[in-house]
Structure formats: structure tokens, C-alpha cells
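> The file below is run29.cif, mmCIF, C-alpha atoms:
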data_run
#
loop_
_atom_site.group_PDB
_atom_site.id
_atom_site.type_symbol
_atom_site.label_atom_id
_atom_site.label_comp_id
_atom_site.auth_asym_id
_atom_site.auth_seq_id
_atom_site.Cartn_x
_atom_site.Cartn_y
_atom_site.Cartn_z
ATOM 1 C CA MET J 295 112.756 97.418 33.443
ATOM 2 C CA SER J 296 114.411 98.657 36.603
ATOM 3 C CA ALA J 297 112.463 100.241 39.425
ATOM 4 C CA THR J 298 113.837 103.667 38.698
ATOM 5 C CA GLU J 299 112.743 103.791 35.077
ATOM 6 C CA ASN J 300 109.021 103.700 35.670
ATOM 7 C CA PRO J 301 108.193 104.385 39.297
ATOM 8 C CA ILE J 302 104.481 104.893 38.654
ATOM 9 C CA ARG J 303 104.107 101.560 36.923
ATOM 10 C CA ASP J 304 106.067 99.880 39.712
ATOM 11 C CA GLU J 305 103.841 101.492 42.347
ATOM 12 C CA ILE J 306 100.711 100.302 40.564
ATOM 13 C CA GLN J 307 102.071 96.758 40.220
ATOM 14 C CA LYS J 308 102.974 96.791 43.878
ATOM 15 C CA ALA J 309 99.524 98.014 44.917
ATOM 16 C CA ILE J 310 97.853 95.323 42.804
ATOM 17 C CA SER J 311 99.986 92.573 44.291
ATOM 18 C CA GLU J 312 99.709 93.806 47.873
ATOM 19 C CA HIS J 313 95.937 94.178 48.052
ATOM 20 C CA GLU J 314 93.670 91.215 47.622
ATOM 21 C CA VAL J 315 90.880 93.445 46.338
ATOM 22 C CA ILE J 316 91.778 96.781 44.792
ATOM 23 C CA LEU J 317 89.686 99.212 42.789
ATOM 24 C CA PHE J 318 91.163 101.863 40.513
ATOM 25 C CA MET J 319 88.529 104.534 40.127
ATOM 26 C CA LYS J 320 87.759 108.180 39.458
ATOM 27 C CA GLY J 321 87.442 109.881 42.827
ATOM 28 C CA ARG J 322 87.234 108.117 46.140
ATOM 29 C CA PRO J 323 84.681 105.561 47.344
ATOM 30 C CA GLU J 324 83.105 108.240 49.574
ATOM 31 C CA GLN J 325 82.881 110.569 46.594
ATOM 32 C CA PRO J 326 83.159 108.919 43.186
ATOM 33 C CA MET J 327 83.673 111.376 40.345
ATOM 34 C CA CYS J 328 82.058 109.285 37.624
ATOM 35 C CA GLY J 329 78.837 107.285 37.394
ATOM 36 C CA PHE J 330 80.672 104.110 36.383
ATOM 37 C CA SER J 331 83.021 104.297 39.349
ATOM 38 C CA ALA J 332 80.037 105.070 41.591
ATOM 39 C CA ARG J 333 78.156 102.020 40.397
ATOM 40 C CA THR J 334 81.150 99.753 40.929
ATOM 41 C CA VAL J 335 81.667 101.096 44.456
ATOM 42 C CA ALA J 336 77.952 100.586 45.142
ATOM 43 C CA ALA J 337 78.171 96.919 44.131
ATOM 44 C CA LEU J 338 81.205 96.306 46.346
ATOM 45 C CA ASP J 339 79.670 98.184 49.271
ATOM 46 C CA ALA J 340 76.377 96.340 48.919
ATOM 47 C CA LEU J 341 78.299 93.112 49.528
ATOM 48 C CA GLY J 342 80.148 94.628 52.458
ATOM 49 C CA ALA J 343 83.420 93.932 50.663
ATOM 50 C CA SER J 344 86.596 95.482 51.990
ATOM 51 C CA TYR J 345 88.863 96.802 49.297
ATOM 52 C CA ALA J 346 91.661 99.213 48.640
ATOM 53 C CA ALA J 347 90.847 102.100 46.325
ATOM 54 C CA VAL J 348 93.109 104.228 44.173
ATOM 55 C CA ASP J 349 91.950 107.523 42.703
ATOM 56 C CA ILE J 350 93.426 107.791 39.213
ATOM 57 C CA LEU J 351 92.451 111.424 38.685
ATOM 58 C CA PRO J 352 95.315 113.261 40.415
ATOM 59 C CA ASP J 353 97.885 112.196 37.801
ATOM 60 C CA PRO J 354 97.049 111.207 34.195
ATOM 61 C CA ARG J 355 100.065 108.904 34.190
ATOM 62 C CA ILE J 356 98.330 106.578 36.655
ATOM 63 C CA ARG J 357 95.607 105.773 34.161
ATOM 64 C CA GLN J 358 98.073 105.480 31.317
ATOM 65 C CA GLU J 359 100.317 103.043 33.179
ATOM 66 C CA LEU J 360 97.396 101.120 34.653
ATOM 67 C CA SER J 361 95.875 100.570 31.223
ATOM 68 C CA ALA J 362 99.251 99.479 29.880
ATOM 69 C CA ILE J 363 99.538 96.898 32.656
ATOM 70 C CA SER J 364 95.969 95.625 32.476
ATOM 71 C CA ASN J 365 95.365 95.947 28.735
ATOM 72 C CA TRP J 366 92.042 97.569 29.615
ATOM 73 C CA PRO J 367 91.272 101.084 28.407
ATOM 74 C CA THR J 368 88.593 102.303 30.797
ATOM 75 C CA ILE J 369 88.125 103.178 34.458
ATOM 76 C CA PRO J 370 87.104 101.721 36.909
ATOM 77 C CA GLN J 371 89.139 98.526 37.066
ATOM 78 C CA LEU J 372 88.675 95.943 39.785
ATOM 79 C CA PHE J 373 91.469 93.513 40.621
ATOM 80 C CA VAL J 374 91.120 90.489 42.874
ATOM 81 C CA LYS J 375 94.224 88.527 43.865
ATOM 82 C CA GLY J 376 96.268 90.340 41.262
ATOM 83 C CA GLU J 377 93.906 89.601 38.411
ATOM 84 C CA LEU J 378 91.724 92.040 36.484
ATOM 85 C CA ILE J 379 88.084 91.144 37.078
ATOM 86 C CA GLY J 380 86.661 93.876 34.891
ATOM 87 C CA GLY J 381 85.166 97.315 34.735
ATOM 88 C CA CYS J 382 81.757 98.584 35.724
ATOM 89 C CA ASP J 383 79.791 96.435 33.251
ATOM 90 C CA ILE J 384 81.381 93.143 34.259
ATOM 91 C CA VAL J 385 81.343 93.923 37.980
ATOM 92 C CA THR J 386 77.651 94.892 37.781
ATOM 93 C CA GLU J 387 76.833 91.756 35.807
ATOM 94 C CA MET J 388 78.715 89.628 38.344
ATOM 95 C CA TYR J 389 76.979 91.383 41.205
ATOM 96 C CA GLU J 390 73.585 90.631 39.719
ATOM 97 C CA SER J 391 74.423 86.974 39.116
ATOM 98 C CA GLY J 392 75.905 86.470 42.586
ATOM 99 C CA GLU J 393 79.288 85.693 41.049
ATOM 100 C CA LEU J 394 80.930 88.762 42.543
ATOM 101 C CA ARG J 395 80.336 87.572 46.100
ATOM 102 C CA GLN J 396 82.003 84.291 45.186
ATOM 103 C CA THR J 397 84.942 85.953 43.438
ATOM 104 C CA LEU J 398 85.498 88.165 46.467
ATOM 105 C CA GLY J 399 85.518 85.097 48.695
ATOM 106 C CA LEU J 400 82.572 86.337 50.753
ATOM 107 C CA GLU J 401 80.242 83.962 52.550
ATOM 108 C CA PRO J 402 76.897 83.572 50.827
ATOM 109 C CA LEU J 403 74.045 85.248 52.668
ATOM 110 C CA PRO J 404 71.718 82.821 54.495
ATOM 111 C CA ASP J 405 68.563 83.870 52.641
ATOM 112 C CA ALA J 406 68.133 87.607 52.521
ATOM 113 C CA PRO J 407 68.911 89.200 49.168
ATOM 114 C CA ALA J 408 71.929 91.466 49.006
ATOM 115 C CA GLU J 409 71.324 94.865 50.502
ATOM 116 C CA ALA J 410 70.585 97.747 48.227
ATOM 117 C CA PRO J 411 73.655 99.793 47.396
ATOM 118 C CA ALA J 412 74.328 102.606 49.803
ATOM 119 C CA ALA J 413 72.962 105.959 48.776
ATOM 120 C CA ALA J 414 75.281 108.850 48.128
ATOM 121 C CA GLU J 415 76.414 110.691 51.208
ATOM 122 C CA PRO J 416 74.332 113.688 52.173
ATOM 123 C CA GLY J 417 75.796 116.789 50.632
ATOM 124 C CA ALA J 418 77.564 114.857 47.881
ATOM 125 C CA PRO J 419 76.574 115.714 44.323
ATOM 126 C CA PRO J 420 74.044 113.356 42.719
ATOM 127 C CA LEU J 421 75.919 110.327 41.452
ATOM 128 C CA GLN J 422 73.228 108.771 39.315
ATOM 129 C CA ILE J 423 73.757 105.382 40.861
ATOM 130 C CA ARG J 424 71.266 103.171 39.167
ATOM 131 C CA ASN J 425 69.127 101.545 41.748
ATOM 132 C CA ASP J 426 68.865 98.284 39.887
ATOM 133 C CA LEU J 427 71.838 96.622 41.538
ATOM 134 C CA ALA J 428 69.770 95.028 44.262
ATOM 135 C CA MET X 260 81.873 113.548 17.276
ATOM 136 C CA PRO X 261 81.216 109.826 16.760
ATOM 137 C CA SER X 262 77.644 108.695 16.189
ATOM 138 C CA THR X 263 75.946 105.467 17.195
ATOM 139 C CA ASP X 264 76.017 104.462 13.515
ATOM 140 C CA ASP X 265 79.791 105.061 13.349
ATOM 141 C CA LEU X 266 80.347 102.814 16.326
ATOM 142 C CA LYS X 267 77.998 100.150 15.004
ATOM 143 C CA GLN X 268 79.726 100.124 11.629
ATOM 144 C CA ARG X 269 83.218 100.013 13.088
ATOM 145 C CA ILE X 270 82.369 97.081 15.353
ATOM 146 C CA GLU X 271 80.558 95.131 12.660
ATOM 147 C CA ALA X 272 83.342 95.763 10.133
ATOM 148 C CA ALA X 273 86.085 94.688 12.541
ATOM 149 C CA ILE X 274 84.499 91.616 14.119
ATOM 150 C CA PRO X 275 83.374 89.089 11.511
ATOM 151 C CA GLY X 276 79.721 88.095 11.669
ATOM 152 C CA SER X 277 78.976 90.456 14.522
ATOM 153 C CA THR X 278 75.924 92.571 15.115
ATOM 154 C CA ALA X 279 76.125 95.640 17.297
ATOM 155 C CA ASP X 280 73.318 97.602 18.847
ATOM 156 C CA VAL X 281 74.639 100.968 19.969
ATOM 157 C CA THR X 282 72.909 103.645 22.008
ATOM 158 C CA ASP X 283 74.060 107.081 23.057
ATOM 159 C CA LEU X 284 73.644 107.089 26.832
ATOM 160 C CA THR X 285 73.759 110.822 27.350
ATOM 161 C CA GLY X 286 72.797 112.252 23.959
ATOM 162 C CA THR X 287 76.163 113.991 23.866
ATOM 163 C CA GLY X 288 77.989 111.695 21.434
ATOM 164 C CA ASP X 289 80.612 110.547 23.914
ATOM 165 C CA HIS X 290 79.021 108.041 26.305
ATOM 166 C CA PHE X 291 77.804 104.939 24.538
ATOM 167 C CA ARG X 292 76.450 101.528 25.296
ATOM 168 C CA ALA X 293 76.895 98.658 22.860
ATOM 169 C CA THR X 294 75.420 95.198 22.858
ATOM 170 C CA VAL X 295 77.607 93.081 20.622
ATOM 171 C CA VAL X 296 76.807 89.574 19.459
ATOM 172 C CA ALA X 297 79.639 87.747 17.710
ATOM 173 C CA PRO X 298 80.228 84.056 17.066
ATOM 174 C CA GLU X 299 83.917 84.425 17.929
ATOM 175 C CA PHE X 300 83.011 85.303 21.530
ATOM 176 C CA ALA X 301 82.167 81.645 22.144
ATOM 177 C CA GLY X 302 84.875 80.251 24.380
ATOM 178 C CA MET X 303 86.249 83.681 25.277
ATOM 179 C CA SER X 304 86.049 85.033 28.814
ATOM 180 C CA ARG X 305 84.019 88.185 29.399
ATOM 181 C CA ILE X 306 87.231 90.125 29.874
ATOM 182 C CA GLU X 307 88.517 88.912 26.509
ATOM 183 C CA GLN X 308 85.219 89.696 24.806
ATOM 184 C CA HIS X 309 85.230 93.248 26.102
ATOM 185 C CA ARG X 310 88.923 93.690 25.219
ATOM 186 C CA ARG X 311 88.116 92.552 21.690
ATOM 187 C CA VAL X 312 85.497 95.288 21.295
ATOM 188 C CA TYR X 313 87.622 97.955 22.972
ATOM 189 C CA ALA X 314 90.462 97.021 20.619
ATOM 190 C CA VAL X 315 88.293 98.049 17.655
ATOM 191 C CA PHE X 316 88.507 101.650 18.882
ATOM 192 C CA GLY X 317 92.061 101.759 20.228
ATOM 193 C CA PRO X 318 92.963 105.201 21.568
ATOM 194 C CA ASP X 319 89.503 106.599 20.699
ATOM 195 C CA ILE X 320 88.365 105.061 23.984
ATOM 196 C CA GLY X 321 89.199 107.711 26.516
ATOM 197 C CA GLY X 322 89.536 110.145 23.612
ATOM 198 C CA PRO X 323 86.422 111.125 21.629
ATOM 199 C CA ILE X 324 84.614 108.128 23.113
ATOM 200 C CA HIS X 325 84.633 108.872 26.828
ATOM 201 C CA ALA X 326 82.794 105.744 27.805
ATOM 202 C CA LEU X 327 81.669 102.597 26.078
ATOM 203 C CA SER X 328 79.552 100.347 28.223
ATOM 204 C CA LEU X 329 79.432 96.804 26.874
ATOM 205 C CA VAL X 330 77.240 93.755 26.856
ATOM 206 C CA THR X 331 78.800 90.947 24.836
ATOM 207 C CA LYS X 332 77.329 87.611 23.804
ATOM 208 C CA ALA X 333 78.267 84.758 21.518
ATOM 209 C CA GLU X 334 74.715 84.374 20.282
ATOM 210 C CA ALA X 335 71.606 86.505 20.344
#
Give the structure from this file in C-alpha cells form.

Amino acid sequence: MSATENPIRDEIQKAISEHEVILFMKGRPEQPMCGFSARTVAALDALGASYAAVDILPDPRIRQELSAISNWPTIPQLFVKGELIGGCDIVTEMYESGELRQTLGLEPLPDAPAEAPAAAEPGAPPLQIRNDLA
Amino acid sequence: MPSTDDLKQRIEAAIPGSTADVTDLTGTGDHFRATVVAPEFAGMSRIEQHRRVYAVFGPDIGGPIHALSLVTKAEA
């Protein structure tokens, strides 16, 4: 398929290949628009991970094309080194087991347990981030 | 509006030997959580296991089923 036929799909592919860690989510990390996206952001932030984030809400075609590429129907979707790691459930599970830190290539902490996920910003609507990530 | 029983039956009918425990997370019939145990998950990655369950519902995920949170295991 040539670049002109499906520019949105090409953009998504490009974003996935250009960013080592990229999260497709509803809303932005500072203001997630869905509890599942919020929880995934909280896990990444608790590890101090740096990641690119794409808000899929502005254009329904983003989600459609993303799901076609990844063969994964739901949002959020976390990619590391071009590969789909999973959605909220898998990312949370991997966070709890310590696997996420490893997958993200982060140094293990000396002894302290991972920090609790950051709370929602003041003024932001309640996000219902479950506090059991720590 | 799908019910927890609908989801349970569809999963168990589609994945041989599986058992599914489905709860309605919000009480609104559109956000569900399912714990699915199926022998065929042995040897599959987590991603593949979740894809397998999502595939049971096809376009209903993101349609009438807004969210389906999954825990998958090969044995109970």
C-alpha cells in the first residue's frame, strides 16, 4: 500500500517505529479520559518511564487503523520497540510482577519498592485510579 | 445490552474446555471483567490469550461491550 492511500495508518506505523516506548490512549497522560488509560499511565509514571503518548480520541480513524495494525481491539495499547506489549490488564499485571520495569529497560531499584502512582492533578476530574498498583 | 451470563456463555461456547467468570464492573452492562481459564492457553503468550478471548466478541468490543478487562490462565 502506498503512503498516499492510508496516511493515518502510515503515521501510526511511523510513530510506533520511531518511539521506543509509545502509548496510545484516551486523553493525554496529564488528563486521561478513561480509567483504563489512567491506570496504564499511572504504572508507567510510577516507574519514571519516559514514553510518547498519542491521544486516539480526536479522530475515530486513529483507533480503527491502530487496531487493524495491532490486532488488538481496545485502548490503551502500549508498544515497546515496535512490539505490542498489551493493554491495561497486561501492563498492570507486568507492573505488579516487576516485569514492566525489565521490559522498559529500566534499572531495577536498589531496595525501595516502586513509588505509588502519581495522583491525579489538582483540578482534574476524579480518574478512579486504583491505588493497588504499588 | 449484554449480560454477564451472555459473555460467559459466548466465551465457554467458543473456547473448548474453558470456564469464564464474568463480572459487570459498573453495573451498566457495558464494562466487564472476565477471568478465563482454558487449557489451550498453555504455551500461548498473554497477548495471544487475550486476543483469543477478544476474538470471541469481534466488533462487539468497542460496540455494545465498551470494555472487557481480562485475566487469562491455562489452569485454575
> What is the distance between atom CA of Arg269 of chain X and atom CA of Val315 of chain X, in Å to one decimal?
7.1 Å
> One decimal, Å: what's the distance from atom CA of Tyr313 of chain X over to atom CA of Leu284 of chain X, could you say?
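Going from atom CA of Tyr313 of chain X over to atom CA of Leu284 of chain X, I get 17.1 Å.
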> Interatomic distance between atom CA of Pro318 of chain X and atom CA of Leu378 of chain J?
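Answer for the atom CA of Pro318 of chain X to atom CA of Leu378 of chain J separation: 19.9 Å.
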> Care to translate the PyMOL selection byres ((chain J) within 10 of (chain X)) into actual residues of this file, as a list in words?
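Applying the expression gives Phe330, Asn365, Trp366, Pro367, Thr368, Ile369, Leu378, Ile379, Gly380, Gly381, Cys382, Asp383, Ile384 and Glu387 of chain J.
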> Store the residues of this selection in a file with C-alpha atoms, as a compact mmCIF listing (two decimals), in the coordinates of the input.

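Just written: result26.txt:
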# COMPACT_ATOMS: atom_id res chain seq x y z
CA PHE J 330 80.67 104.11 36.38
CA ASN J 365 95.36 95.95 28.74
CA TRP J 366 92.04 97.57 29.62
CA PRO J 367 91.27 101.08 28.41
CA THR J 368 88.59 102.30 30.80
CA ILE J 369 88.12 103.18 34.46
CA LEU J 378 91.72 92.04 36.48
CA ILE J 379 88.08 91.14 37.08
CA GLY J 380 86.66 93.88 34.89
CA GLY J 381 85.17 97.32 34.74
CA CYS J 382 81.76 98.58 35.72
CA ASP J 383 79.79 96.44 33.25
CA ILE J 384 81.38 93.14 34.26
CA GLU J 387 76.83 91.76 35.81
> Give the answer as one residue: which of X:Ala335, X:Val281, X:Met260, X:Ile270 has the shortest atom-to-atom distance to Val296 of chain X, using only C-alpha atoms?
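Once distances to Val296 of chain X are computed over only C-alpha atoms, the minimum belongs to X:Ala335.
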> For the file shown, what are the residues hit by the PyMOL selection byres ((chain X and resi 266) around 9), laid out as a list in words?
Pro261, Ser262, Thr263, Asp264, Asp265, Lys267, Gln268, Arg269, Ile270, Glu271, Ala279, Val281, Phe291, Ala293 and Phe316 of chain X
> Report the residues retrieved by the PyMOL selection byres ((chain J and resi 346-359) around 9) from the displayed file, expressed as number ranges by chain.
J: 302-303, 306, 309, 313-323, 326-327, 344-345, 360-364, 367-369
> Restricting the calculation to all atoms listed in the file, which member of X:His290, X:Arg311, X:Ala272, X:Ser304 is positioned closest to Cys328 of chain J?
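Among the listed residues, X:His290 lies closest to Cys328 of chain J.
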> Considering only C-alpha atoms, return as an mmCIF file with C-alpha atoms, keeping the file's coordinate frame whatever protein or nucleic-acid residues lie within 8 Å of Ala297 of chain X, sequence-local ones (same chain, fewer than 4 positions apart) excluded.

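The result, stored in around-v3.cif:
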data_model
loop_
_atom_site.group_PDB
_atom_site.id
_atom_site.type_symbol
_atom_site.label_atom_id
_atom_site.label_comp_id
_atom_site.auth_asym_id
_atom_site.auth_seq_id
_atom_site.Cartn_x
_atom_site.Cartn_y
_atom_site.Cartn_z
ATOM 1 C CA ILE X 274 84.499 91.616 14.119
ATOM 2 C CA PRO X 275 83.374 89.089 11.511
ATOM 3 C CA GLY X 276 79.721 88.095 11.669
ATOM 4 C CA SER X 277 78.976 90.456 14.522
ATOM 5 C CA THR X 278 75.924 92.571 15.115
ATOM 6 C CA ALA X 301 82.167 81.645 22.144
ATOM 7 C CA THR X 331 78.800 90.947 24.836
ATOM 8 C CA LYS X 332 77.329 87.611 23.804
ATOM 9 C CA ALA X 333 78.267 84.758 21.518
ATOM 10 C CA GLU X 334 74.715 84.374 20.282
#
